[in-house]
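One file, data_23.txt, carrying compact mmCIF, C-alpha atoms:
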```
# COMPACT_ATOMS: atom_id res chain seq x y z
CA MET A 234 -18.04 -33.79 -27.68
CA LYS A 235 -20.01 -31.65 -25.38
CA LEU A 236 -18.34 -30.90 -22.06
CA ALA A 237 -20.31 -31.30 -18.89
CA GLU A 238 -21.15 -28.04 -17.23
CA PRO A 239 -18.45 -27.01 -14.77
CA LEU A 240 -19.02 -27.38 -11.10
CA THR A 241 -19.09 -24.10 -9.22
CA THR A 242 -19.18 -23.17 -5.58
CA ALA A 243 -22.68 -21.89 -6.09
CA ASP A 244 -23.76 -25.17 -7.67
CA ILE A 245 -22.67 -27.04 -4.61
CA GLU A 246 -24.07 -24.49 -2.25
CA ASN A 247 -27.41 -24.81 -4.00
CA ASP A 248 -27.36 -28.56 -4.28
CA ASN A 249 -25.41 -30.67 -1.86
CA SER A 250 -25.94 -33.80 -3.90
CA VAL A 251 -24.26 -32.44 -7.00
CA LEU A 252 -20.92 -34.05 -6.26
CA ALA A 253 -22.48 -37.41 -5.66
CA SER A 254 -24.32 -37.22 -8.95
CA GLN A 255 -21.23 -36.21 -10.95
CA PRO A 256 -18.21 -38.37 -10.25
CA PRO A 257 -15.02 -36.30 -10.37
CA SER A 258 -13.36 -38.54 -12.91
CA ALA A 259 -16.09 -37.79 -15.42
CA ASP A 260 -15.42 -34.11 -15.52
CA ASP A 261 -12.07 -32.40 -15.78
CA TRP A 262 -13.53 -29.22 -14.39
CA ILE A 263 -14.11 -30.77 -11.02
CA LYS A 264 -10.53 -31.92 -10.61
CA PRO A 265 -8.76 -28.61 -10.03
CA GLU A 266 -11.25 -27.68 -7.35
CA LEU A 267 -10.90 -30.95 -5.49
CA GLU A 268 -7.15 -30.98 -5.69
CA THR A 269 -6.79 -27.70 -3.88
CA SER A 270 -8.98 -28.35 -0.89
CA TRP A 271 -8.22 -28.46 2.81
CA THR A 272 -8.19 -32.19 2.49
CA GLU A 273 -4.46 -31.97 1.96
CA THR A 274 -4.08 -30.47 5.38
CA TYR A 275 -6.20 -33.11 7.07
CA ALA A 276 -4.13 -35.84 5.51
CA GLY A 277 -1.07 -34.18 6.97
CA SER A 278 1.11 -35.35 4.13
CA LYS A 279 1.12 -32.28 1.95
CA VAL A 280 2.01 -28.68 2.60
CA PRO A 281 -1.21 -26.67 2.62
CA SER A 282 -1.50 -23.77 0.27
CA GLN A 283 -0.78 -20.34 1.64
CA GLU A 284 -3.97 -18.91 0.18
CA THR A 285 -6.37 -16.88 2.21
CA LYS A 286 -9.22 -17.27 -0.22
CA VAL A 287 -12.50 -18.79 0.86
CA PRO A 288 -11.47 -22.29 1.90
CA LYS A 289 -12.56 -24.88 -0.59
CA ALA A 290 -13.61 -27.08 2.29
CA VAL A 291 -16.62 -24.85 2.75
CA SER A 292 -17.88 -26.62 -0.35
CA TYR A 293 -16.11 -29.94 -0.54
CA SER A 294 -13.98 -31.73 1.98
CA ALA A 295 -13.75 -35.42 1.33
CA PRO A 296 -13.03 -36.93 4.77
CA ILE A 297 -15.84 -35.08 6.46
CA ASN A 298 -19.53 -35.34 5.89
CA ARG A 299 -19.74 -32.85 3.08
CA GLN A 300 -23.40 -32.12 3.51
CA ARG A 301 -22.83 -30.83 6.99
CA LEU A 302 -20.02 -28.56 5.86
CA THR A 303 -21.64 -27.14 2.78
CA THR A 304 -23.10 -23.70 3.03
CA PRO A 305 -26.77 -24.68 2.92
CA SER A 306 -29.32 -22.62 1.06
CA PRO A 307 -30.98 -20.53 3.74
CA PRO A 308 -34.73 -20.98 4.26
CA SER A 309 -35.15 -17.42 3.07
CA GLN A 310 -33.08 -14.86 1.19
CA ILE A 311 -32.48 -11.49 2.76
CA LYS A 312 -31.86 -8.56 0.48
CA MET A 313 -30.25 -5.94 2.67
CA LEU A 314 -31.25 -2.40 1.77
CA GLN A 315 -29.53 -0.45 4.51
CA GLN A 316 -27.37 -1.08 7.53
CA TRP A 317 -26.25 1.21 10.31
CA GLU A 318 -23.68 0.95 13.05
CA CYS A 319 -25.34 2.54 16.08
CA VAL A 320 -23.66 3.90 19.18
CA ILE A 321 -25.88 4.05 22.26
CA HIS A 322 -26.09 7.44 23.96
CA GLU A 323 -28.62 6.70 26.63
CA VAL A 324 -30.76 3.83 27.81
CA SER A 325 -34.04 4.46 29.60
CA GLU A 326 -36.57 1.91 30.80
CA GLU A 327 -38.36 1.84 27.46
CA CYS A 328 -36.05 3.46 24.90
CA VAL A 329 -32.52 3.48 23.60
CA SER A 330 -31.18 6.76 22.19
CA CYS A 331 -28.45 6.26 19.65
CA GLU A 332 -26.32 7.73 16.92
CA LEU A 333 -26.58 6.02 13.52
CA HIS A 334 -23.64 5.68 11.11
CA ASP A 335 -24.63 4.41 7.69
CA LEU A 336 -22.61 1.34 6.70
CA THR A 337 -24.30 1.07 3.30
CA ASP A 338 -23.21 4.52 2.20
CA SER A 339 -20.50 6.17 4.28
CA LEU A 340 -21.28 9.55 2.68
CA CYS A 341 -24.68 9.67 4.40
CA PRO A 342 -24.74 12.00 7.40
CA THR A 343 -24.92 10.74 10.97
CA GLU A 344 -28.48 10.34 12.16
CA PHE A 345 -30.07 10.00 15.59
CA ALA A 346 -32.86 7.71 16.66
CA GLU A 347 -34.76 6.33 19.60
CA ILE A 348 -35.54 2.64 19.54
CA TYR A 349 -37.78 0.70 21.91
CA VAL A 350 -35.90 -1.68 24.17
CA SER A 351 -38.53 -4.29 23.30
CA GLU A 352 -37.20 -4.30 19.72
CA PHE A 353 -33.98 -5.94 20.92
CA SER A 354 -33.50 -9.67 21.41
CA ASP A 355 -33.77 -10.87 24.99
CA PHE A 356 -30.12 -11.98 25.02
CA ASP A 357 -28.94 -8.55 23.87
CA ARG A 358 -30.87 -6.45 26.41
CA PRO A 359 -28.43 -6.93 29.33
CA LEU A 360 -25.71 -5.44 27.09
CA LEU A 361 -27.59 -2.21 26.40
CA GLU A 362 -25.58 0.57 27.99
CA GLU A 363 -24.04 3.90 27.07
CA GLY A 364 -21.26 3.43 24.52
CA ALA A 365 -22.37 -0.04 23.41
CA VAL A 366 -22.58 -0.60 19.67
CA PHE A 367 -25.25 -2.43 17.70
CA TYR A 368 -26.01 -3.05 14.04
CA TRP A 369 -29.39 -2.26 12.54
CA SER A 370 -30.07 -4.01 9.26
CA VAL A 371 -33.14 -3.28 7.16
CA GLY A 372 -34.11 -5.18 4.04
CA ARG A 373 -36.50 -7.53 2.31
CA GLU A 374 -36.82 -11.17 3.16
CA THR A 375 -38.02 -13.54 0.45
CA SER A 376 -39.08 -17.00 1.56
CA LYS A 377 -38.58 -20.14 -0.53
CA THR A 378 -42.18 -19.83 -1.66
CA GLY A 379 -41.58 -16.27 -2.83
CA GLN A 380 -43.37 -14.46 -0.02
CA VAL A 381 -41.75 -11.08 0.56
CA ARG A 382 -41.61 -9.51 4.03
CA ARG A 383 -39.99 -6.47 5.55
CA TYR A 384 -36.88 -7.39 7.49
CA SER A 385 -35.33 -5.52 10.38
CA GLU A 386 -32.66 -6.86 12.73
CA LEU A 387 -30.93 -5.32 15.72
CA ARG A 388 -27.74 -7.02 16.80
CA LEU A 389 -25.44 -5.98 19.65
CA ARG A 390 -21.72 -5.96 18.96
CA ARG A 391 -19.88 -8.39 21.23
CA MET A 392 -16.22 -8.18 22.05
CA PRO A 393 -14.25 -10.25 24.54
CA PRO A 394 -12.93 -8.55 27.66
CA LEU A 395 -9.38 -7.22 27.31
CA SER A 396 -6.65 -9.54 28.48
CA LYS A 397 -4.26 -8.49 31.26
CA SER A 398 -1.38 -8.02 28.82
CA LYS A 399 -3.56 -5.92 26.50
CA ARG A 400 -4.69 -3.78 29.43
CA ARG A 401 -1.06 -3.30 30.48
CA GLU A 402 -0.11 -2.33 26.93
CA ILE A 403 -2.96 0.20 26.68
CA THR A 404 -2.08 1.63 30.10
CA ARG A 405 1.56 1.98 29.06
CA LYS A 406 0.62 3.77 25.83
CA ALA A 407 -1.79 6.06 27.70
CA GLN A 408 0.96 6.93 30.19
CA GLN A 409 3.36 7.68 27.34
CA LEU A 410 0.80 9.95 25.68
CA GLY A 411 0.04 11.61 29.01
CA GLN A 412 3.73 12.26 29.59
CA LEU A 413 4.03 13.75 26.09
CA LEU A 414 1.18 16.14 26.85
CA ILE A 415 2.71 17.15 30.19
CA ASP A 416 6.11 17.70 28.55
CA SER A 417 4.61 19.80 25.74
CA CYS A 418 2.81 22.04 28.26
CA ARG A 419 6.00 22.81 30.17
CA MET B 150 -25.37 3.41 -24.31
CA ILE B 151 -26.31 0.50 -22.08
CA ASP B 152 -26.94 1.38 -18.48
CA HIS B 153 -26.98 -1.59 -16.10
CA ASP B 154 -27.21 -1.24 -12.36
CA PHE B 155 -26.11 -4.67 -11.16
CA GLU B 156 -27.20 -5.89 -7.76
CA PRO B 157 -25.89 -9.23 -6.48
CA ASP B 158 -28.41 -12.03 -5.91
CA GLN B 159 -26.21 -13.62 -3.29
CA GLU B 160 -23.22 -12.50 -1.24
CA THR B 161 -20.80 -14.74 0.63
CA PHE B 162 -18.49 -13.05 3.11
CA ALA B 163 -15.43 -14.86 4.42
CA ILE B 164 -12.43 -14.10 6.58
CA VAL B 165 -9.51 -16.53 6.53
CA VAL B 166 -6.53 -16.31 8.87
CA LEU B 167 -3.41 -18.44 8.48
CA GLY B 168 -1.38 -19.36 11.54
CA ASP B 169 -0.88 -22.12 14.09
CA PHE B 170 -4.28 -23.07 15.47
CA ASN B 171 -5.57 -25.75 17.78
CA PRO B 172 -8.87 -26.83 16.21
CA ALA B 173 -9.91 -28.82 19.28
CA ILE B 174 -10.56 -25.69 21.34
CA PHE B 175 -12.98 -24.29 18.79
CA HIS B 176 -16.41 -25.23 20.02
CA PRO B 177 -19.60 -23.13 19.91
CA ALA B 178 -19.51 -22.94 23.72
CA TRP B 179 -16.00 -21.44 23.51
CA PHE B 180 -17.41 -18.51 21.53
CA SER B 181 -20.13 -17.79 24.09
CA ALA B 182 -17.75 -18.30 27.02
CA ASN B 183 -15.53 -15.61 25.51
CA GLN B 184 -18.49 -13.30 24.93
CA LEU B 185 -18.16 -13.44 21.15
CA LEU B 186 -21.61 -14.86 20.43
CA PRO B 187 -24.80 -15.10 22.50
CA GLU B 188 -25.14 -18.34 24.41
CA GLU B 189 -28.67 -18.74 23.03
CA GLU B 190 -27.18 -18.99 19.53
CA THR B 191 -24.26 -21.24 20.37
CA ARG B 192 -26.64 -23.72 22.05
CA GLU B 193 -28.36 -24.08 18.67
CA ALA B 194 -25.13 -24.55 16.72
CA GLU B 195 -24.91 -27.36 14.17
CA ILE B 196 -21.67 -29.18 14.80
CA ALA B 197 -20.23 -31.11 11.86
CA VAL B 198 -16.98 -32.17 13.47
CA ILE B 199 -14.63 -31.11 16.26
CA THR B 200 -11.36 -33.04 16.49
CA LYS B 201 -7.67 -32.28 16.99
CA GLU B 202 -7.31 -31.93 13.21
CA VAL B 203 -10.39 -29.96 12.29
CA ALA B 204 -13.35 -28.12 13.72
CA ALA B 205 -16.36 -27.28 11.58
CA PHE B 206 -19.73 -26.01 12.70
CA VAL B 207 -22.40 -23.43 11.94
CA VAL B 208 -23.42 -20.96 14.60
CA GLY B 209 -25.70 -17.96 14.11
CA ASN B 210 -25.46 -18.25 10.30
CA ILE B 211 -21.67 -18.21 10.52
CA HIS B 212 -19.71 -21.22 9.29
CA VAL B 213 -16.60 -21.80 11.39
CA GLN B 214 -13.85 -23.98 9.98
CA VAL B 215 -10.50 -24.45 11.66
CA ASP B 216 -7.58 -26.72 10.91
CA PRO B 217 -4.04 -26.57 12.28
CA VAL B 218 -2.98 -23.86 9.84
CA ARG B 219 -6.18 -22.03 9.03
CA PHE B 220 -9.10 -20.34 10.76
CA GLY B 221 -12.02 -19.44 8.52
CA LEU B 222 -15.39 -17.79 9.02
CA THR B 223 -18.00 -17.65 6.27
CA THR B 224 -21.54 -16.34 6.03
CA THR B 225 -24.00 -16.06 3.20
CA GLN B 226 -26.28 -13.71 5.12
CA SER B 227 -25.59 -10.20 3.94
CA THR B 228 -26.58 -8.64 7.28
CA ARG B 229 -23.90 -10.67 9.08
CA GLY B 230 -20.90 -8.94 7.45
CA PRO B 231 -20.00 -6.74 10.46
CA VAL B 232 -20.71 -9.59 12.90
CA LEU B 233 -18.31 -11.83 10.97
CA ARG B 234 -15.61 -9.20 11.35
CA ASP B 235 -16.33 -8.82 15.08
CA VAL B 236 -16.17 -12.57 15.68
CA ALA B 237 -12.88 -12.85 13.77
CA SER B 238 -11.37 -9.87 15.55
CA GLY B 239 -12.59 -11.05 18.95
CA THR B 240 -11.27 -14.56 18.35
CA LEU B 241 -7.81 -13.24 17.52
CA SER B 242 -7.97 -11.03 20.56
CA VAL B 243 -8.64 -14.05 22.78
CA LEU B 244 -5.91 -16.07 21.05
CA GLU B 245 -3.33 -13.34 21.55
CA HIS B 246 -0.40 -15.77 21.75
CA THR B 247 -1.23 -17.69 18.57
CA PRO B 248 1.30 -17.07 15.79
CA LEU B 249 -0.36 -15.61 12.69
CA SER B 250 1.10 -15.41 9.19
CA ALA B 251 -1.53 -14.09 6.79
CA ILE B 252 -5.08 -12.86 6.60
CA GLY B 253 -7.53 -12.75 3.71
CA LEU B 254 -10.77 -10.85 3.27
CA ASN B 255 -13.17 -12.41 0.79
CA LEU B 256 -16.45 -11.53 -0.83
CA ASP B 257 -18.16 -13.68 -3.45
CA LEU B 258 -20.97 -12.01 -5.37
CA GLN B 259 -23.40 -13.82 -7.61
CA PHE B 260 -25.17 -11.82 -10.31
CA HIS B 261 -27.99 -12.84 -12.59
CA MET B 262 -27.53 -11.53 -16.13
CA PRO B 263 -30.50 -9.96 -17.91
CA SER B 264 -30.18 -12.43 -20.82
CA GLU B 265 -28.11 -15.26 -22.25
CA ALA B 266 -26.63 -12.82 -24.77
CA ASP B 267 -25.45 -10.52 -21.94
CA TRP B 268 -24.02 -13.53 -20.10
CA HIS B 269 -21.92 -14.42 -23.15
CA ARG B 270 -20.89 -10.81 -23.65
CA ILE B 271 -19.28 -10.74 -20.20
CA GLY B 272 -17.05 -13.67 -21.19
CA HIS B 273 -16.27 -12.20 -24.60
CA ALA B 274 -15.27 -8.85 -23.08
CA LEU B 275 -13.03 -10.38 -20.41
CA ALA B 276 -11.48 -13.08 -22.61
CA PRO B 277 -11.75 -12.17 -26.31
CA LYS B 278 -12.09 -15.35 -28.37
CA GLU B 279 -10.10 -14.27 -31.44
CA LEU B 280 -6.91 -15.63 -29.88
CA TRP B 281 -8.45 -19.04 -29.26
CA THR B 282 -10.48 -19.75 -32.38
CA PRO B 283 -7.44 -21.08 -34.32
CA PHE B 284 -7.08 -23.80 -31.69
CA LEU B 285 -10.55 -24.45 -30.34
CA GLU B 286 -14.07 -24.60 -31.63
CA GLU B 287 -16.58 -22.63 -29.61
CA PRO B 288 -14.05 -21.42 -27.01
CA GLY B 289 -15.64 -20.22 -23.78
CA MET B 290 -14.34 -18.60 -20.62
CA ARG B 291 -14.54 -20.79 -17.52
CA HIS B 292 -12.36 -18.94 -15.01
CA LEU B 293 -10.48 -15.70 -15.12
CA VAL B 294 -8.30 -14.46 -12.28
CA ILE B 295 -6.63 -11.06 -12.30
CA GLU B 296 -4.12 -10.12 -9.63
CA GLY B 297 -3.18 -6.61 -8.60
CA THR B 298 -3.03 -4.07 -5.81
CA ARG B 299 -4.99 -0.94 -5.13
CA PRO B 300 -3.90 2.47 -3.91
CA GLY B 301 -4.21 3.24 -0.22
CA CYS B 302 -4.46 -0.44 0.72
CA ASP B 303 -1.73 -2.39 2.54
CA ALA B 304 -2.80 -5.73 1.10
CA GLN B 305 -0.05 -7.61 -0.75
CA ARG B 306 -2.41 -8.57 -3.52
CA ILE B 307 -6.00 -8.60 -4.62
CA HIS B 308 -7.41 -11.41 -6.72
CA ILE B 309 -10.54 -10.85 -8.75
CA GLN B 310 -11.95 -14.02 -10.22
CA VAL B 311 -14.85 -14.15 -12.64
CA GLN B 312 -16.57 -17.35 -13.67
CA PRO B 313 -19.89 -18.34 -15.20
CA ILE B 314 -22.52 -20.14 -13.16
CA PHE B 315 -24.90 -22.54 -14.85
CA SER B 316 -27.42 -22.93 -12.06
CA PRO B 317 -29.28 -20.60 -11.78
CA LYS B 318 -28.94 -19.99 -15.49
CA TRP B 319 -27.10 -17.01 -16.90
CA SER B 320 -25.41 -16.05 -13.66
CA ILE B 321 -21.89 -14.83 -13.04
CA LEU B 322 -19.82 -15.32 -9.91
CA VAL B 323 -17.30 -12.63 -9.02
CA ARG B 324 -14.93 -13.64 -6.20
CA ILE B 325 -12.67 -11.04 -4.64
CA ASN B 326 -9.82 -11.90 -2.27
CA GLN B 327 -7.71 -9.26 -0.53
CA HIS B 328 -4.61 -10.97 0.88
CA TYR B 329 -2.24 -9.63 3.54
CA ARG B 330 1.00 -11.19 4.72
CA ILE B 331 1.54 -10.28 8.33
CA ASP B 332 4.60 -12.42 9.19
CA THR B 333 6.92 -9.83 7.75
CA ALA B 334 10.36 -8.87 9.06
CA ASP B 335 9.09 -5.55 10.40
CA ARG B 336 6.70 -7.44 12.69
CA PRO B 337 8.98 -9.84 14.57
CA GLU B 338 6.74 -10.31 17.61
CA VAL B 339 3.55 -12.34 17.79
CA SER B 340 1.84 -9.33 19.35
CA ASP B 341 2.86 -7.13 16.40
CA ARG B 342 1.23 -9.56 14.02
CA HIS B 343 -1.91 -9.69 16.13
CA ASP B 344 -2.11 -5.92 16.16
CA ALA B 345 -1.72 -5.91 12.38
CA ALA B 346 -4.46 -8.51 11.92
CA THR B 347 -6.83 -6.68 14.23
CA ARG B 348 -6.12 -3.37 12.49
CA ILE B 349 -6.82 -4.95 9.10
CA LEU B 350 -10.14 -6.31 10.30
CA ASP B 351 -11.22 -3.11 12.03
CA ARG B 352 -10.00 -0.65 9.42
CA ASP B 353 -10.07 -2.49 6.10
CA TRP B 354 -13.07 -4.80 6.31
CA PRO B 355 -15.75 -2.12 5.68
CA SER B 356 -13.77 -0.53 2.85
CA PHE B 357 -13.02 -3.95 1.36
CA CYS B 358 -16.72 -4.83 1.29
CA SER B 359 -17.58 -1.53 -0.43
CA PHE B 360 -14.70 -1.95 -2.87
CA ALA B 361 -15.68 -5.52 -3.72
CA LYS B 362 -19.34 -4.71 -4.29
CA GLN B 363 -18.64 -1.63 -6.38
CA THR B 364 -15.88 -3.33 -8.38
CA ALA B 365 -17.96 -6.38 -9.22
CA ALA B 366 -20.98 -4.36 -10.32
CA LYS B 367 -18.93 -1.85 -12.32
CA LEU B 368 -16.82 -4.57 -13.95
CA LEU B 369 -19.91 -6.32 -15.28
CA ALA B 370 -21.50 -3.05 -16.40
CA ASP B 371 -18.26 -2.03 -18.16
CA CYS B 372 -18.05 -5.42 -19.89
CA LEU B 373 -21.53 -4.98 -21.32
CA GLN B 374 -20.79 -1.45 -22.43
CA LYS B 375 -17.53 -2.47 -24.03
CA SER B 376 -18.76 -5.45 -25.99
```
Here is the file; what I need is its structure written in the form of structure tokens.
Amino acid sequence: MKLAEPLTTADIENDNSVLASQPPSADDWIKPELETSWTETYAGSKVPSQETKVPKAVSYSAPINRQRLTTPSPPSQIKMLQQWECVIHEVSEECVSCELHDLTDSLCPTEFAEIYVSEFSDFDRPLLEEGAVFYWSVGRETSKTGQVRRYSELRLRRMPPLSKSKRREITRKAQQLGQLLIDSCR
Amino acid sequence: MIDHDFEPDQETFAIVVLGDFNPAIFHPAWFSANQLLPEEETREAEIAVITKEVAAFVVGNIHVQVDPVRFGLTTTQSTRGPVLRDVASGTLSVLEHTPLSAIGLNLDLQFHMPSEADWHRIGHALAPKELWTPFLEEPGMRHLVIEGTRPGCDAQRIHIQVQPIFSPKWSILVRINQHYRIDTADRPEVSDRHDAATRILDRDWPSFCSFAKQTAAKLLADCLQKS
């Protein structure tokens, strides 16, 4: 007897209807995947697994509309060729001067660049200031029809403001370090 | 000698944190209100469900899924790796009083094999069939998970899972999970565990991504050379 092909995450990611077309009972390979989903947690009757792997519910989660939860195939595929983490040195009216750290290959030396402010998204421009960090990703984008385009994205790093307790903790540590320095100089 | 330079066709990054979460607070607007994502993106979020038991939505190519014991972020866009880390780190920073117990860094890489023969050779190299032929006809590898640790990494364990993919044909999925327990006796306070989680994300995420990509590509290349 020929076994049905096993269901994989990628299968489901590529085709949301795959579960509907292959009832679980018909294929033993589906069972283990379904049995270890977040569904157990939602039901509240079973102890959830202590795994930190990619949650199965990303692919299949029975009580919820699965199609909305599934990682859909993007309208285009981006093949990233290089990515930098950039620290802003200076912002002028038209340009941003920055220091580039290669995230693709950490052995590459630090580089410097000037980038037009107009290259940044409108919602990122208010955040452009000395010390701010952004990511510059360069690659190839292939559409569903196969059209290949150059891809370049600038994305500001966003972090929440420090809480009061965190600020207090940092201040305390800074004071401790400062005291150590003073003591060592005496 | 065979020389293969494997490049993944698709990458899926995920960060999963275990702890005590309140899914109802997780809304796209919460992420923009806390300056974790631009408001312009959160307005366009696709919300699947937000209830007391579970929150699930997609915002800026990041899939957010939260239940009472788990907070997970996933993206299939390779450029979003650092952003995923920043959103996870920022979220934990906002939820500084939430008890955390474990954190997992995940990268799934999908590779297309040059031929059907090469696809089979990967399975033969990882799970030799001699042991199985007395019991089964045409034995084939469906899943293989290897657990271990790596030097210079605080993670309790690393799982590397290899499995065949049938669509697209002759593809292999390599899933790598780096798991950390942070509710250890040497971190009795909630704040200690938060510091540990934040440190893991800031310090280990880039090296984990490099490790996972290099390991997956080299593993497949070594399998082809060996068989």
For chain A versus chain B, which residues have an atom no more than 6 Å away, and what is each residue's nearest atom pair and distance in Å rounded to one decimal, using all atoms listed in the file, chain-then-number order, as JSON lines?
```
{"residue": "A:Thr285", "atom": "CA", "partner": "B:Gly253", "partner_atom": "CA", "distance": 4.5}
{"residue": "A:Lys286", "atom": "CA", "partner": "B:Asn326", "partner_atom": "CA", "distance": 5.8}
{"residue": "A:Arg301", "atom": "CA", "partner": "B:Ala197", "partner_atom": "CA", "distance": 5.5}
{"residue": "A:Arg391", "atom": "CA", "partner": "B:Leu185", "partner_atom": "CA", "distance": 5.3}
{"residue": "A:Met392", "atom": "CA", "partner": "B:Gly239", "partner_atom": "CA", "distance": 5.6}
{"residue": "A:Pro393", "atom": "CA", "partner": "B:Gln184", "partner_atom": "CA", "distance": 5.2}
```
Scan for residues within 10 Å of the point (-8.9, -4.7, 12.7) in the coordinates of the file, using only C-alpha atoms, and reply as a list in words. Arg234, Asp235, Ala237, Ser238, Gly239, Leu241, His343, Asp344, Ala345, Ala346, Thr347, Arg348, Ile349, Leu350, Asp351, Arg352, Asp353 and Trp354 of chain B
Please return, as a PyMOL selection string, all polymer residues that have at least one atom within 12 Å of the point (-15.1, -1.2, -5.7); use all atoms listed in the file and the file's own coordinate frame. chain B and resi 256+299-300+307+309+325+355-369
How many Å lie between atom CA of A:Cys418 and atom CA of A:Lys406, rounded to one decimal?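 Rounded to one decimal, the two atoms are 18.6 Å apart.
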Test item: axis-aligned box, all listed atoms of stretch 289-300 of chain B, 5 Å on each side, centre and edges in Å rounded to one decimal, as JSON:
```
{"center_x": -9.3, "center_y": -9.2, "center_z": -13.8, "size_x": 22.6, "size_y": 33.3, "size_z": 29.9}
```
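Take the candidates B:Asp267, B:Asp341, B:Asp154, B:Glu193 and check each one against B:Leu373 using all atoms listed in the file; the shortest distance goes to B:Asp267.
Interatomic distance, atom CA of A:Ala365 against atom CA of B:Arg192: 24.1 Å.
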Could you give me, as an MDAnalysis selection string, the residues within 8 Å of stretch 314-320 of chain A, counting only C-alpha atoms and dropping anything in the same chain fewer than 6 positions from it? (chainID A and resid 331:337 363:373) or (chainID B and resid 228)
Export of prior selection with C-alpha atoms as a PDB file, in the coordinates of the input:
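Output saved as selection-v8.pdb:
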```
ATOM      1  CA  CYS A 331     -28.450   6.260  19.650  1.00  0.00           C
ATOM      2  CA  GLU A 332     -26.320   7.730  16.920  1.00  0.00           C
ATOM      3  CA  LEU A 333     -26.580   6.020  13.520  1.00  0.00           C
ATOM      4  CA  HIS A 334     -23.640   5.680  11.110  1.00  0.00           C
ATOM      5  CA  ASP A 335     -24.630   4.410   7.690  1.00  0.00           C
ATOM      6  CA  LEU A 336     -22.610   1.340   6.700  1.00  0.00           C
ATOM      7  CA  THR A 337     -24.300   1.070   3.300  1.00  0.00           C
ATOM      8  CA  GLU A 363     -24.040   3.900  27.070  1.00  0.00           C
ATOM      9  CA  GLY A 364     -21.260   3.430  24.520  1.00  0.00           C
ATOM     10  CA  ALA A 365     -22.370  -0.040  23.410  1.00  0.00           C
ATOM     11  CA  VAL A 366     -22.580  -0.600  19.670  1.00  0.00           C
ATOM     12  CA  PHE A 367     -25.250  -2.430  17.700  1.00  0.00           C
ATOM     13  CA  TYR A 368     -26.010  -3.050  14.040  1.00  0.00           C
ATOM     14  CA  TRP A 369     -29.390  -2.260  12.540  1.00  0.00           C
ATOM     15  CA  SER A 370     -30.070  -4.010   9.260  1.00  0.00           C
ATOM     16  CA  VAL A 371     -33.140  -3.280   7.160  1.00  0.00           C
ATOM     17  CA  GLY A 372     -34.110  -5.180   4.040  1.00  0.00           C
ATOM     18  CA  ARG A 373     -36.500  -7.530   2.310  1.00  0.00           C
TER      19      ARG A 373
ATOM     20  CA  THR B 228     -26.580  -8.640   7.280  1.00  0.00           C
TER      21      THR B 228
END
```
Would you list the contacts of stretch 348-354 of chain A as a list in words, taking every protein, DNA or RNA residue within 6 Å and counting all atoms listed in the file, but skipping same-chain residues closer than 6 positions in sequence? Glu327, Cys328 and Val329 of chain A
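As for atom CA of B:His261 and atom CA of B:Lys318, they are spaced 7.8 Å apart.
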